[in-house]
$ cat my_file01.cif   # mmCIF, C-alpha atoms
data_data
#
loop_
_atom_site.group_PDB
_atom_site.id
_atom_site.type_symbol
_atom_site.label_atom_id
_atom_site.label_comp_id
_atom_site.auth_asym_id
_atom_site.auth_seq_id
_atom_site.Cartn_x
_atom_site.Cartn_y
_atom_site.Cartn_z
ATOM 1 C CA GLN A 1302 47.539 74.426 140.788
ATOM 2 C CA GLY A 1303 49.061 71.971 138.326
ATOM 3 C CA MET A 1304 51.969 70.745 140.419
ATOM 4 C CA HIS A 1305 50.513 67.247 140.551
ATOM 5 C CA GLU A 1306 50.436 67.184 136.748
ATOM 6 C CA ILE A 1307 54.118 68.085 136.552
ATOM 7 C CA LEU A 1308 54.942 65.314 139.044
ATOM 8 C CA SER A 1309 52.781 62.770 137.217
ATOM 9 C CA PHE A 1310 54.640 63.333 133.943
ATOM 10 C CA LEU A 1311 58.009 63.105 135.696
ATOM 11 C CA LEU A 1312 57.009 59.875 137.413
ATOM 12 C CA MET A 1313 55.669 58.481 134.142
ATOM 13 C CA ALA A 1314 58.941 59.310 132.347
ATOM 14 C CA ILE A 1315 60.981 57.565 135.051
ATOM 15 C CA GLU A 1316 58.738 54.492 134.964
ATOM 16 C CA LYS A 1317 58.920 54.423 131.164
ATOM 17 C CA ASP A 1318 62.722 54.536 131.336
ATOM 18 C CA LEU A 1319 62.691 51.695 133.874
ATOM 19 C CA LEU A 1320 60.529 49.542 131.613
ATOM 20 C CA ASN A 1321 62.628 50.316 128.543
ATOM 21 C CA ASN A 1322 65.790 49.480 130.459
ATOM 22 C CA GLU A 1323 64.366 46.112 131.503
ATOM 23 C CA LYS A 1324 63.821 45.263 127.830
ATOM 24 C CA GLU A 1325 67.139 46.657 126.627
ATOM 25 C CA PRO A 1326 69.680 47.450 129.373
ATOM 26 C CA PHE A 1327 71.488 50.767 129.200
ATOM 27 C CA ASP A 1328 74.895 49.226 129.924
ATOM 28 C CA SER A 1329 76.320 45.732 129.644
ATOM 29 C CA ASP A 1330 77.837 45.302 133.117
ATOM 30 C CA GLY A 1331 74.852 46.699 135.015
ATOM 31 C CA SER A 1332 76.729 49.297 137.071
ATOM 32 C CA VAL A 1333 74.896 52.284 135.606
ATOM 33 C CA ASN A 1334 71.612 50.408 135.676
ATOM 34 C CA GLN A 1335 71.893 49.878 139.443
ATOM 35 C CA ILE A 1336 72.198 53.636 139.979
ATOM 36 C CA LEU A 1337 69.904 55.110 137.324
ATOM 37 C CA PHE A 1338 67.244 52.448 137.076
ATOM 38 C CA ASN A 1339 66.661 51.408 140.659
ATOM 39 C CA LYS A 1340 63.020 50.633 141.439
ATOM 40 C CA ARG A 1341 63.614 51.148 145.169
ATOM 41 C CA THR A 1342 64.549 54.811 144.627
ATOM 42 C CA LEU A 1343 61.896 55.621 142.035
ATOM 43 C CA VAL A 1344 59.799 57.817 144.343
ATOM 44 C CA HIS A 1345 62.886 59.543 145.748
ATOM 45 C CA ASP A 1346 64.222 60.194 142.234
ATOM 46 C CA ALA A 1347 60.858 61.539 141.072
ATOM 47 C CA TYR A 1348 60.671 63.877 144.062
ATOM 48 C CA SER A 1349 64.239 65.125 143.548
ATOM 49 C CA ILE A 1350 63.545 65.948 139.912
ATOM 50 C CA PHE A 1351 60.183 67.490 140.814
ATOM 51 C CA ASP A 1352 61.848 69.689 143.448
ATOM 52 C CA ALA A 1353 64.392 70.941 140.899
ATOM 53 C CA VAL A 1354 61.710 71.633 138.287
ATOM 54 C CA MET A 1355 59.461 73.433 140.759
ATOM 55 C CA SER A 1356 62.392 75.564 141.931
ATOM 56 C CA SER A 1357 62.781 76.711 138.330
ATOM 57 C CA LEU A 1358 59.038 77.318 137.993
ATOM 58 C CA THR A 1359 58.736 79.431 141.147
ATOM 59 C CA PRO A 1360 57.815 82.602 139.200
ATOM 60 C CA ALA A 1361 54.862 80.804 137.613
ATOM 61 C CA PHE A 1362 53.368 79.911 141.007
ATOM 62 C CA GLU A 1363 54.444 82.779 143.208
ATOM 63 C CA TYR A 1364 52.231 85.809 143.704
ATOM 64 C CA ARG A 1365 53.201 89.145 145.135
ATOM 65 C CA GLY A 1366 51.157 92.297 144.784
ATOM 66 C CA ASP A 1367 54.157 94.373 143.692
ATOM 67 C CA SER A 1368 54.732 92.316 140.476
ATOM 68 C CA SER A 1369 58.141 91.088 141.548
ATOM 69 C CA ASN A 1370 59.189 88.103 143.538
ATOM 70 C CA VAL A 1371 61.676 87.131 146.165
ATOM 71 C CA HIS A 1372 64.116 85.652 143.661
ATOM 72 C CA GLY A 1373 64.298 88.757 141.468
ATOM 73 C CA GLN A 1374 62.774 86.858 138.558
ATOM 74 C CA PRO A 1375 59.750 88.065 136.614
ATOM 75 C CA THR A 1376 56.254 87.201 137.792
ATOM 76 C CA MET A 1377 53.610 85.880 135.412
ATOM 77 C CA GLU A 1378 52.677 89.397 134.324
ATOM 78 C CA THR A 1379 56.215 90.056 133.191
ATOM 79 C CA SER A 1380 56.532 86.577 131.663
ATOM 80 C CA GLY A 1381 53.322 87.067 129.691
ATOM 81 C CA ALA A 1382 54.520 90.429 128.399
ATOM 82 C CA SER A 1383 57.882 88.874 127.564
ATOM 83 C CA ALA A 1384 56.143 86.177 125.511
ATOM 84 C CA MET A 1385 54.294 88.870 123.551
ATOM 85 C CA ASN A 1386 57.561 90.756 122.966
ATOM 86 C CA ILE A 1387 59.192 87.559 121.701
ATOM 87 C CA ILE A 1388 56.340 87.016 119.245
ATOM 88 C CA ARG A 1389 56.700 90.601 118.012
ATOM 89 C CA GLU A 1390 60.503 90.922 117.958
ATOM 90 C CA TRP A 1391 61.750 87.414 117.177
ATOM 91 C CA TYR A 1392 59.007 86.318 114.820
ATOM 92 C CA GLY A 1393 57.886 89.721 113.544
ATOM 93 C CA ASP A 1394 54.236 88.840 113.978
ATOM 94 C CA ASP A 1395 52.841 92.258 114.853
ATOM 95 C CA GLU A 1396 49.423 91.210 113.574
ATOM 96 C CA LEU A 1397 49.115 88.391 116.126
ATOM 97 C CA VAL A 1398 50.317 90.579 119.001
ATOM 98 C CA ASP A 1399 47.916 93.354 117.990
ATOM 99 C CA PHE A 1400 45.034 90.880 117.710
ATOM 100 C CA ILE A 1401 45.742 89.440 121.154
ATOM 101 C CA SER A 1402 46.098 92.965 122.579
ATOM 102 C CA THR A 1403 42.716 94.048 121.152
ATOM 103 C CA LEU A 1404 41.033 91.174 122.996
ATOM 104 C CA GLY A 1405 41.869 92.947 126.232
ATOM 105 C CA ILE A 1406 42.985 89.738 127.909
ATOM 106 C CA PRO A 1407 46.203 90.167 129.889
ATOM 107 C CA PRO A 1408 48.925 87.740 128.730
ATOM 108 C CA GLU A 1409 49.299 86.294 132.217
ATOM 109 C CA LEU A 1410 45.797 84.838 131.979
ATOM 110 C CA TYR A 1411 46.569 82.572 129.056
ATOM 111 C CA CYS A 1412 50.317 82.207 129.627
ATOM 112 C CA THR A 1413 49.871 81.065 133.229
ATOM 113 C CA ARG A 1414 48.489 77.651 132.299
ATOM 114 C CA TRP A 1415 51.060 77.185 129.565
ATOM 115 C CA MET A 1416 53.950 77.912 131.879
ATOM 116 C CA ARG A 1417 52.657 76.284 135.063
ATOM 117 C CA LEU A 1418 51.907 73.054 133.231
ATOM 118 C CA MET A 1419 54.839 73.348 130.809
ATOM 119 C CA PHE A 1420 52.452 72.986 127.818
ATOM 120 C CA SER A 1421 51.402 69.473 128.903
ATOM 121 C CA ARG A 1422 47.697 70.181 128.255
ATOM 122 C CA GLU A 1423 48.329 71.811 124.898
ATOM 123 C CA LEU A 1424 49.930 68.726 123.369
ATOM 124 C CA GLU A 1425 48.277 65.495 122.354
ATOM 125 C CA GLY A 1426 49.939 62.350 123.614
ATOM 126 C CA PHE A 1427 52.389 61.726 126.420
ATOM 127 C CA ASP A 1428 55.305 61.166 124.066
ATOM 128 C CA ASN A 1429 54.890 64.650 122.595
ATOM 129 C CA VAL A 1430 55.005 66.142 126.093
ATOM 130 C CA PHE A 1431 58.176 64.164 126.835
ATOM 131 C CA ILE A 1432 59.812 65.382 123.605
ATOM 132 C CA LEU A 1433 59.016 69.013 124.401
ATOM 133 C CA TRP A 1434 60.135 68.701 128.024
ATOM 134 C CA ASP A 1435 63.384 67.077 126.907
ATOM 135 C CA GLU A 1436 64.027 70.199 124.853
ATOM 136 C CA PHE A 1437 63.218 72.498 127.794
ATOM 137 C CA PHE A 1438 65.583 70.631 130.103
ATOM 138 C CA HIS A 1439 68.257 70.380 127.409
ATOM 139 C CA ARG A 1440 68.184 74.159 126.853
ATOM 140 C CA GLN A 1441 68.339 74.822 130.570
ATOM 141 C CA SER A 1442 71.266 72.485 131.177
ATOM 142 C CA ASN A 1443 73.319 73.651 128.184
ATOM 143 C CA SER A 1444 73.006 77.408 128.457
ATOM 144 C CA SER A 1445 73.546 79.927 131.177
ATOM 145 C CA LYS A 1446 71.160 82.379 129.474
ATOM 146 C CA PHE A 1447 68.201 79.987 129.258
ATOM 147 C CA SER A 1448 66.319 79.320 132.450
ATOM 148 C CA LEU A 1449 63.311 77.044 132.402
ATOM 149 C CA MET A 1450 61.077 80.124 132.536
ATOM 150 C CA THR A 1451 62.923 81.661 129.556
ATOM 151 C CA SER A 1452 62.415 78.456 127.580
ATOM 152 C CA LEU A 1453 58.718 78.497 128.412
ATOM 153 C CA GLU A 1454 58.414 82.179 127.457
ATOM 154 C CA THR A 1455 60.071 81.603 124.067
ATOM 155 C CA THR A 1456 57.809 78.605 123.452
ATOM 156 C CA ALA A 1457 54.704 80.586 124.307
#
$ encode --input "my_file01.cif" --output "structure tokens"
Amino acid sequence: QGMHEILSFLLMAIEKDLLNNEKEPFDSDGSVNQILFNKRTLVHDAYSIFDAVMSSLTPAFEYRGDSSNVHGQPTMETSGASAMNIIREWYGDDELVDFISTLGIPPELYCTRWMRLMFSRELEGFDNVFILWDEFFHRQSNSSKFSLMTSLETTA
């Protein structure tokens, strides 16, 4: 379902940070390095981050026949429609929305992969995925109105 891909990128980012820190330590006295860049807790840290990310992505993986979910957040159908509304209202691209609508393909069919995998397959190169994900997590942590799903919908 794509969850392993999310975890693999998170683990890769942590390992990359560990390697970069070995070359150029984050702090001079090593106190932060012992907490943030501890090889013994790498798997634990990756799982903790993965758990938090997957909690935010619940609507992308959850299915209920009544088009709502337990958490009161939109399901993929609603998220796909929201992405189309954003294209129309924010960017004023009625032509693109109309073209996509005439194809008769529901937005959740093409938005599902984008959101479940956080655009990791749509970008070329790991570093580009990391840059985009940094922006997603930055938006989520610095705004009460932006959830991870909202960030993914606006990116779609």
$ closest_residue --input "my_file01.cif" --among "A:Thr1379, A:Met1304, A:Arg1341, A:Pro1360" --to "Glu1316 (chain A)" --atoms "only C-alpha atoms"
A:Arg1341
$ atom_distance --input "my_file01.cif" --atom1 "CA of Ser1421 (chain A)" --atom2 "CA of Asp1435 (chain A)"
12.4 Å
$ closest_residue --input "my_file01.cif" --among "A:Leu1311, A:Phe1362, A:Glu1323, A:Ile1432" --to "Ala1347 (chain A)" --atoms "all atoms listed in the file"
A:Leu1311
$ atom_distance --input "my_file01.cif" --atom1 "CA of His1345 (chain A)" --atom2 "CA of Lys1317 (chain A)"
16.0 Å
$ atom_distance --input "my_file01.cif" --atom1 "CA of Phe1351 (chain A)" --atom2 "CA of Leu1312 (chain A)"
8.9 Å
$ build_atoms --input "my_file01.cif" --residues "region 1341-1352 of chain A" --atoms "all heavy atoms" --output "CSV table (one decimal), keeping the file's coordinate frame"
chain,number,residue,atom,x,y,z
A,1341,ARG,N,63.7,50.8,143.8
A,1341,ARG,CA,63.6,51.1,145.2
A,1341,ARG,C,63.7,52.7,145.4
A,1341,ARG,O,63.2,53.2,146.4
A,1341,ARG,CB,64.7,50.4,146.0
A,1341,ARG,CG,64.4,48.9,146.1
A,1341,ARG,CD,65.5,48.3,146.9
A,1341,ARG,NE,66.8,48.7,146.3
A,1341,ARG,CZ,67.9,48.1,146.5
A,1341,ARG,NH1,68.0,47.1,147.3
A,1341,ARG,NH2,69.0,48.5,145.9
A,1342,THR,N,64.4,53.4,144.5
A,1342,THR,CA,64.5,54.8,144.6
A,1342,THR,C,63.7,55.6,143.7
A,1342,THR,O,63.9,56.8,143.5
A,1342,THR,CB,66.0,55.2,144.4
A,1342,THR,OG1,66.4,54.9,143.1
A,1342,THR,CG2,66.9,54.5,145.4
A,1343,LEU,N,62.7,55.0,143.0
A,1343,LEU,CA,61.9,55.6,142.0
A,1343,LEU,C,61.2,56.8,142.6
A,1343,LEU,O,61.2,57.9,142.0
A,1343,LEU,CB,60.9,54.6,141.5
A,1343,LEU,CG,59.9,55.2,140.5
A,1343,LEU,CD1,60.1,54.4,139.1
A,1343,LEU,CD2,58.5,55.1,140.9
A,1344,VAL,N,60.5,56.7,143.8
A,1344,VAL,CA,59.8,57.8,144.3
A,1344,VAL,C,60.8,58.9,144.8
A,1344,VAL,O,60.5,60.1,144.5
A,1344,VAL,CB,58.9,57.3,145.5
A,1344,VAL,CG1,58.3,58.5,146.2
A,1344,VAL,CG2,57.9,56.4,145.0
A,1345,HIS,N,61.9,58.6,145.4
A,1345,HIS,CA,62.9,59.5,145.7
A,1345,HIS,C,63.4,60.3,144.5
A,1345,HIS,O,63.5,61.5,144.5
A,1345,HIS,CB,64.0,58.8,146.5
A,1345,HIS,CG,65.2,59.8,146.7
A,1345,HIS,ND1,66.2,59.9,145.8
A,1345,HIS,CD2,65.5,60.6,147.8
A,1345,HIS,CE1,67.1,60.8,146.3
A,1345,HIS,NE2,66.7,61.2,147.5
A,1346,ASP,N,63.7,59.6,143.5
A,1346,ASP,CA,64.2,60.2,142.2
A,1346,ASP,C,63.2,61.1,141.6
A,1346,ASP,O,63.5,62.3,141.2
A,1346,ASP,CB,64.6,59.1,141.2
A,1346,ASP,CG,65.8,58.3,141.6
A,1346,ASP,OD1,66.5,58.7,142.6
A,1346,ASP,OD2,66.0,57.2,141.0
A,1347,ALA,N,61.9,60.7,141.6
A,1347,ALA,CA,60.9,61.5,141.1
A,1347,ALA,C,60.7,62.8,141.9
A,1347,ALA,O,60.6,63.9,141.3
A,1347,ALA,CB,59.5,60.8,141.0
A,1348,TYR,N,60.8,62.7,143.2
A,1348,TYR,CA,60.7,63.9,144.1
A,1348,TYR,C,61.9,64.8,143.9
A,1348,TYR,O,61.7,66.0,143.8
A,1348,TYR,CB,60.5,63.5,145.5
A,1348,TYR,CG,60.5,64.8,146.4
A,1348,TYR,CD1,59.3,65.5,146.5
A,1348,TYR,CD2,61.6,65.3,147.0
A,1348,TYR,CE1,59.3,66.7,147.2
A,1348,TYR,CE2,61.6,66.5,147.7
A,1348,TYR,CZ,60.4,67.2,147.8
A,1348,TYR,OH,60.4,68.3,148.5
A,1349,SER,N,63.0,64.3,143.7
A,1349,SER,CA,64.2,65.1,143.5
A,1349,SER,C,64.1,65.9,142.2
A,1349,SER,O,64.5,67.1,142.2
A,1349,SER,CB,65.5,64.3,143.6
A,1349,SER,OG,65.7,63.7,144.8
A,1350,ILE,N,63.7,65.3,141.2
A,1350,ILE,CA,63.5,65.9,139.9
A,1350,ILE,C,62.4,67.0,140.0
A,1350,ILE,O,62.5,68.1,139.5
A,1350,ILE,CB,63.3,64.9,138.8
A,1350,ILE,CG1,64.5,64.0,138.6
A,1350,ILE,CG2,63.0,65.6,137.5
A,1350,ILE,CD1,64.3,62.8,137.7
A,1351,PHE,N,61.3,66.6,140.6
A,1351,PHE,CA,60.2,67.5,140.8
A,1351,PHE,C,60.6,68.7,141.6
A,1351,PHE,O,60.2,69.9,141.2
A,1351,PHE,CB,59.1,66.8,141.6
A,1351,PHE,CG,57.9,67.6,141.9
A,1351,PHE,CD1,57.0,68.1,141.0
A,1351,PHE,CD2,57.7,67.9,143.3
A,1351,PHE,CE1,55.9,68.9,141.3
A,1351,PHE,CE2,56.6,68.7,143.6
A,1351,PHE,CZ,55.7,69.2,142.7
A,1352,ASP,N,61.4,68.6,142.6
A,1352,ASP,CA,61.8,69.7,143.4
A,1352,ASP,C,62.7,70.6,142.6
A,1352,ASP,O,62.5,71.9,142.7
A,1352,ASP,CB,62.7,69.2,144.6
A,1352,ASP,CG,63.1,70.3,145.6
A,1352,ASP,OD1,62.3,71.1,146.0
A,1352,ASP,OD2,64.3,70.3,145.9
